[in-house]
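Trainee: Mind looking over this structure? Questions follow.
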Amino acid sequence: ETGVTQSPTHLIKTRGQQVTLRCSSQSGHNTVSWYQQALGQGPQFIFQYYREEENGRGNFPPRFSGLQFPNYSSELNVNALELDDSALYLCASSPGGSPSGNTIYFGEGSWLTVV
Amino acid sequence: DQQVKQNSPSLSVQEGRISILNCDYTNSMFDYFLWYKKYPAEGPTFLISISSIKDKNEDGRFTVFLNKSAKHLSLHIVPSQPGDSAVYFCAASAIGDYKLSFGAGTTVTVRA
């Protein structure tokens, strides 16, 4: 168990709706990254938050947005959902901005199905 | 643009034998490489990593080899055990970068 918790674990939304996914980071970690893993693919980087500021963004449209709170927990918001947004959304927490292997902890993910 | 590629979607190996997983990358700026293991309904967990200044890193039954000139790395698991059955992801990052680039994963099945 990593100490990174995500909610909800599963959800179904209709195309055009909005969704909020939540992540509580590992104690002592101030950095949270979000990844999207579509079926049969590897995780794709969405963005990272470091001390409540966006610290980098992958190739995702602006309808993917996020927040980090003073306790370093984070939210991922997706507006105007499309069928292709159906995926596993993974949250990863770490003590610093750059990856360093065994200090990055992933949550179990939130499965989003868009119908 | 897939910068990290795992061309074998699946691998089946007998218990006790060696599992060899391969990974290729295209970005010459990558300098840190990681392998993650993922069971169903769980998040990826870190397995082993290697910096570009090394060509081999060992941790128990797991060894990662890096060939920078070929932009290729491999993970060896010896001996393979039933609990090793999982999806294995290769990932890479560049100096000072904040993100990991992942391959599509290889599903390993260890047969008794």
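The way I read the labels, and the way they are meant: chains A, B, ... in the order of the structure tokens, residue 1 as the first residue of every chain, and ligand 1 as the first ligand shown, with later ones counted on from there.
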Which residues, written as a ChimeraX atom specification, have at least one atom at most 6 Å from stretch 12-19 of chain A, with only C-alpha atoms counted and residues fewer than 2 positions away on the same chain left out?

Mentor: /A:77-82,112-115

Trainee: Write out as a list in words each polymer residue whose atoms come within 6 Å of B:Gly43, counting only C-alpha atoms; drop sequence neighbours fewer than 2 positions from it.

Mentor: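 Returned residues: Phe106, Gly107 and Glu108 of chain A.
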
Trainee: For the selection you just gave me, I'd like the residues written to a file as an mmCIF file, in the first residue's frame, keeping all heavy atoms.

Mentor:
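This went into selection_27.cif:
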```
data_model
loop_
_atom_site.group_PDB
_atom_site.id
_atom_site.type_symbol
_atom_site.label_atom_id
_atom_site.label_comp_id
_atom_site.auth_asym_id
_atom_site.auth_seq_id
_atom_site.Cartn_x
_atom_site.Cartn_y
_atom_site.Cartn_z
ATOM 1 N N PHE A 106 2.237 5.628 -6.861
ATOM 2 C CA PHE A 106 0.989 5.727 -7.615
ATOM 3 C C PHE A 106 -0.181 5.248 -6.774
ATOM 4 O O PHE A 106 -0.066 4.315 -5.976
ATOM 5 C CB PHE A 106 1.053 4.866 -8.879
ATOM 6 C CG PHE A 106 1.843 5.471 -10.002
ATOM 7 C CD1 PHE A 106 3.214 5.288 -10.077
ATOM 8 C CD2 PHE A 106 1.213 6.224 -10.982
ATOM 9 C CE1 PHE A 106 3.946 5.840 -11.114
ATOM 10 C CE2 PHE A 106 1.935 6.782 -12.031
ATOM 11 C CZ PHE A 106 3.299 6.585 -12.089
ATOM 12 N N GLY A 107 -1.325 5.895 -6.985
ATOM 13 C CA GLY A 107 -2.563 5.389 -6.431
ATOM 14 C C GLY A 107 -3.114 4.270 -7.300
ATOM 15 O O GLY A 107 -2.545 3.938 -8.338
ATOM 16 N N GLU A 108 -4.236 3.707 -6.867
ATOM 17 C CA GLU A 108 -4.834 2.591 -7.594
ATOM 18 C C GLU A 108 -5.590 3.048 -8.829
ATOM 19 O O GLU A 108 -5.926 2.237 -9.683
ATOM 20 C CB GLU A 108 -5.762 1.808 -6.670
ATOM 21 C CG GLU A 108 -5.029 1.137 -5.528
ATOM 22 C CD GLU A 108 -5.950 0.356 -4.624
ATOM 23 O OE1 GLU A 108 -7.172 0.360 -4.860
ATOM 24 O OE2 GLU A 108 -5.448 -0.264 -3.671
#
```

Trainee: Provide as an mmCIF file with C-alpha atoms, in the first residue's frame the residues of chain A at most 12 Å from chain B, counting only C-alpha atoms.

Mentor:
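selection-v7.cif written:
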```cif
data_model
loop_
_atom_site.group_PDB
_atom_site.id
_atom_site.type_symbol
_atom_site.label_atom_id
_atom_site.label_comp_id
_atom_site.auth_asym_id
_atom_site.auth_seq_id
_atom_site.Cartn_x
_atom_site.Cartn_y
_atom_site.Cartn_z
ATOM 1 C CA GLU A 1 0.000 0.000 0.000
ATOM 2 C CA THR A 2 1.450 3.345 -1.079
ATOM 3 C CA GLY A 3 -0.512 5.870 0.966
ATOM 4 C CA VAL A 4 -1.829 7.523 -2.201
ATOM 5 C CA THR A 5 -5.598 7.288 -2.310
ATOM 6 C CA GLN A 6 -7.858 8.125 -5.208
ATOM 7 C CA THR A 9 -12.558 4.121 -7.972
ATOM 8 C CA HIS A 10 -15.094 3.693 -10.749
ATOM 9 C CA THR A 31 4.174 17.014 -5.747
ATOM 10 C CA VAL A 32 1.285 15.325 -7.519
ATOM 11 C CA SER A 33 1.211 14.168 -11.136
ATOM 12 C CA TRP A 34 -1.765 12.891 -13.090
ATOM 13 C CA TYR A 35 -1.623 10.290 -15.845
ATOM 14 C CA GLN A 36 -4.223 8.895 -18.219
ATOM 15 C CA GLN A 37 -3.984 5.217 -19.154
ATOM 16 C CA ALA A 38 -6.223 4.172 -22.009
ATOM 17 C CA LEU A 39 -6.933 0.489 -22.561
ATOM 18 C CA GLY A 40 -3.900 -1.324 -23.966
ATOM 19 C CA GLN A 41 -1.626 1.681 -23.583
ATOM 20 C CA GLY A 42 0.845 2.977 -21.065
ATOM 21 C CA PRO A 43 0.128 5.939 -18.785
ATOM 22 C CA GLN A 44 0.303 9.340 -20.504
ATOM 23 C CA PHE A 45 1.350 12.405 -18.510
ATOM 24 C CA ILE A 46 -1.413 14.987 -18.107
ATOM 25 C CA PHE A 47 0.129 17.537 -15.719
ATOM 26 C CA GLN A 48 1.970 17.974 -12.454
ATOM 27 C CA TYR A 49 1.348 20.212 -9.450
ATOM 28 C CA TYR A 50 4.090 21.334 -7.126
ATOM 29 C CA GLU A 54 1.018 23.699 -12.183
ATOM 30 C CA ASN A 55 4.581 22.624 -12.845
ATOM 31 C CA GLY A 56 4.283 21.109 -16.310
ATOM 32 C CA ARG A 57 1.697 19.841 -18.721
ATOM 33 C CA GLY A 58 1.491 17.077 -21.298
ATOM 34 C CA ASN A 59 -0.326 17.094 -24.615
ATOM 35 C CA LEU A 88 -7.844 4.776 -15.963
ATOM 36 C CA TYR A 89 -6.663 8.006 -14.353
ATOM 37 C CA LEU A 90 -3.633 7.592 -12.148
ATOM 38 C CA CYS A 91 -2.337 9.960 -9.532
ATOM 39 C CA ALA A 92 1.315 9.828 -8.502
ATOM 40 C CA SER A 93 2.849 11.654 -5.575
ATOM 41 C CA SER A 94 6.516 12.369 -4.947
ATOM 42 C CA PRO A 95 8.631 14.514 -2.625
ATOM 43 C CA GLY A 96 10.020 16.656 -5.422
ATOM 44 C CA GLY A 97 9.407 17.742 -9.011
ATOM 45 C CA SER A 98 11.698 15.322 -10.851
ATOM 46 C CA PRO A 99 11.151 11.575 -10.984
ATOM 47 C CA SER A 100 13.452 9.559 -8.774
ATOM 48 C CA GLY A 101 12.246 6.006 -8.998
ATOM 49 C CA ASN A 102 11.344 4.606 -5.655
ATOM 50 C CA THR A 103 10.083 7.940 -4.309
ATOM 51 C CA ILE A 104 7.172 8.092 -6.769
ATOM 52 C CA TYR A 105 4.040 6.414 -5.478
ATOM 53 C CA PHE A 106 0.989 5.727 -7.615
ATOM 54 C CA GLY A 107 -2.563 5.389 -6.431
ATOM 55 C CA GLU A 108 -4.834 2.591 -7.594
ATOM 56 C CA GLY A 109 -6.502 4.850 -10.113
ATOM 57 C CA SER A 110 -9.996 5.984 -11.018
ATOM 58 C CA TRP A 111 -11.717 4.141 -13.841
#
```

Trainee: Considering only C-alpha atoms, return as a list in words whatever protein or nucleic-acid residues lie within 9 Å of B:His76, sequence-local ones (same chain, fewer than 5 positions apart) excluded.

Mentor: Ile18, Ser19, Ile20, Leu21, Asn22, Arg61, Phe62, Thr63, Val64 and Phe65 of chain B

Trainee: Generate the output file for the selected residues, N, CA and C atoms, as a PDB file, in the first residue's frame.

Mentor:
```pdb
ATOM      1  N   ILE B  18      14.123 -17.788 -17.012  1.00  0.00           N
ATOM      2  CA  ILE B  18      14.379 -16.351 -17.100  1.00  0.00           C
ATOM      3  C   ILE B  18      13.292 -15.653 -17.925  1.00  0.00           C
ATOM      4  N   SER B  19      12.868 -14.489 -17.449  1.00  0.00           N
ATOM      5  CA  SER B  19      11.982 -13.613 -18.227  1.00  0.00           C
ATOM      6  C   SER B  19      12.824 -12.448 -18.713  1.00  0.00           C
ATOM      7  N   ILE B  20      12.736 -12.133 -19.986  1.00  0.00           N
ATOM      8  CA  ILE B  20      13.456 -10.988 -20.551  1.00  0.00           C
ATOM      9  C   ILE B  20      12.448 -10.065 -21.223  1.00  0.00           C
ATOM     10  N   LEU B  21      12.369  -8.847 -20.704  1.00  0.00           N
ATOM     11  CA  LEU B  21      11.456  -7.850 -21.247  1.00  0.00           C
ATOM     12  C   LEU B  21      12.288  -6.757 -21.909  1.00  0.00           C
ATOM     13  N   ASN B  22      11.864  -6.322 -23.064  1.00  0.00           N
ATOM     14  CA  ASN B  22      12.622  -5.344 -23.836  1.00  0.00           C
ATOM     15  C   ASN B  22      11.894  -4.021 -23.977  1.00  0.00           C
ATOM     16  N   ARG B  61      16.416 -10.586  -7.764  1.00  0.00           N
ATOM     17  CA  ARG B  61      16.150 -11.365  -8.984  1.00  0.00           C
ATOM     18  C   ARG B  61      16.023 -10.481 -10.231  1.00  0.00           C
ATOM     19  N   PHE B  62      16.043  -9.189 -10.065  1.00  0.00           N
ATOM     20  CA  PHE B  62      15.800  -8.254 -11.168  1.00  0.00           C
ATOM     21  C   PHE B  62      17.083  -7.542 -11.580  1.00  0.00           C
ATOM     22  N   THR B  63      17.352  -7.549 -12.877  1.00  0.00           N
ATOM     23  CA  THR B  63      18.509  -6.840 -13.423  1.00  0.00           C
ATOM     24  C   THR B  63      18.047  -6.048 -14.635  1.00  0.00           C
ATOM     25  N   VAL B  64      18.445  -4.788 -14.689  1.00  0.00           N
ATOM     26  CA  VAL B  64      18.154  -3.974 -15.864  1.00  0.00           C
ATOM     27  C   VAL B  64      19.463  -3.667 -16.577  1.00  0.00           C
ATOM     28  N   PHE B  65      19.435  -3.815 -17.894  1.00  0.00           N
ATOM     29  CA  PHE B  65      20.582  -3.535 -18.743  1.00  0.00           C
ATOM     30  C   PHE B  65      20.228  -2.362 -19.656  1.00  0.00           C
TER      31      PHE B  65
END
```

Trainee: Could you pull out the strand (DSSP E or B) residues of stretch 11-41 of chain B, going by DSSP on the backbone, and write them as a list of chain:residue names?

Mentor: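 Everything in stretch 11-41 of chain B that counts as strand (DSSP E or B) is B:Leu11, B:Ser12, B:Val13, B:Gln14, B:Ser19, B:Ile20, B:Leu21, B:Asn22, B:Cys23, B:Asp24, B:Tyr25, B:Phe30, B:Asp31, B:Tyr32, B:Phe33, B:Leu34, B:Trp35, B:Tyr36, B:Lys37, B:Lys38.
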
Trainee: Smallest atom-to-atom distance to B:Leu73: which of B:Cys23, B:Met29, B:Lys37, B:Ser52, using only C-alpha atoms?

Mentor: B:Cys23

Trainee: For the helix (DSSP H, G or I) assignment from backbone DSSP, which residues of stretch 3-115 of chain A qualify? Please present them as a PyMOL selection string.

Mentor: chain A and resi 83-85+101-103
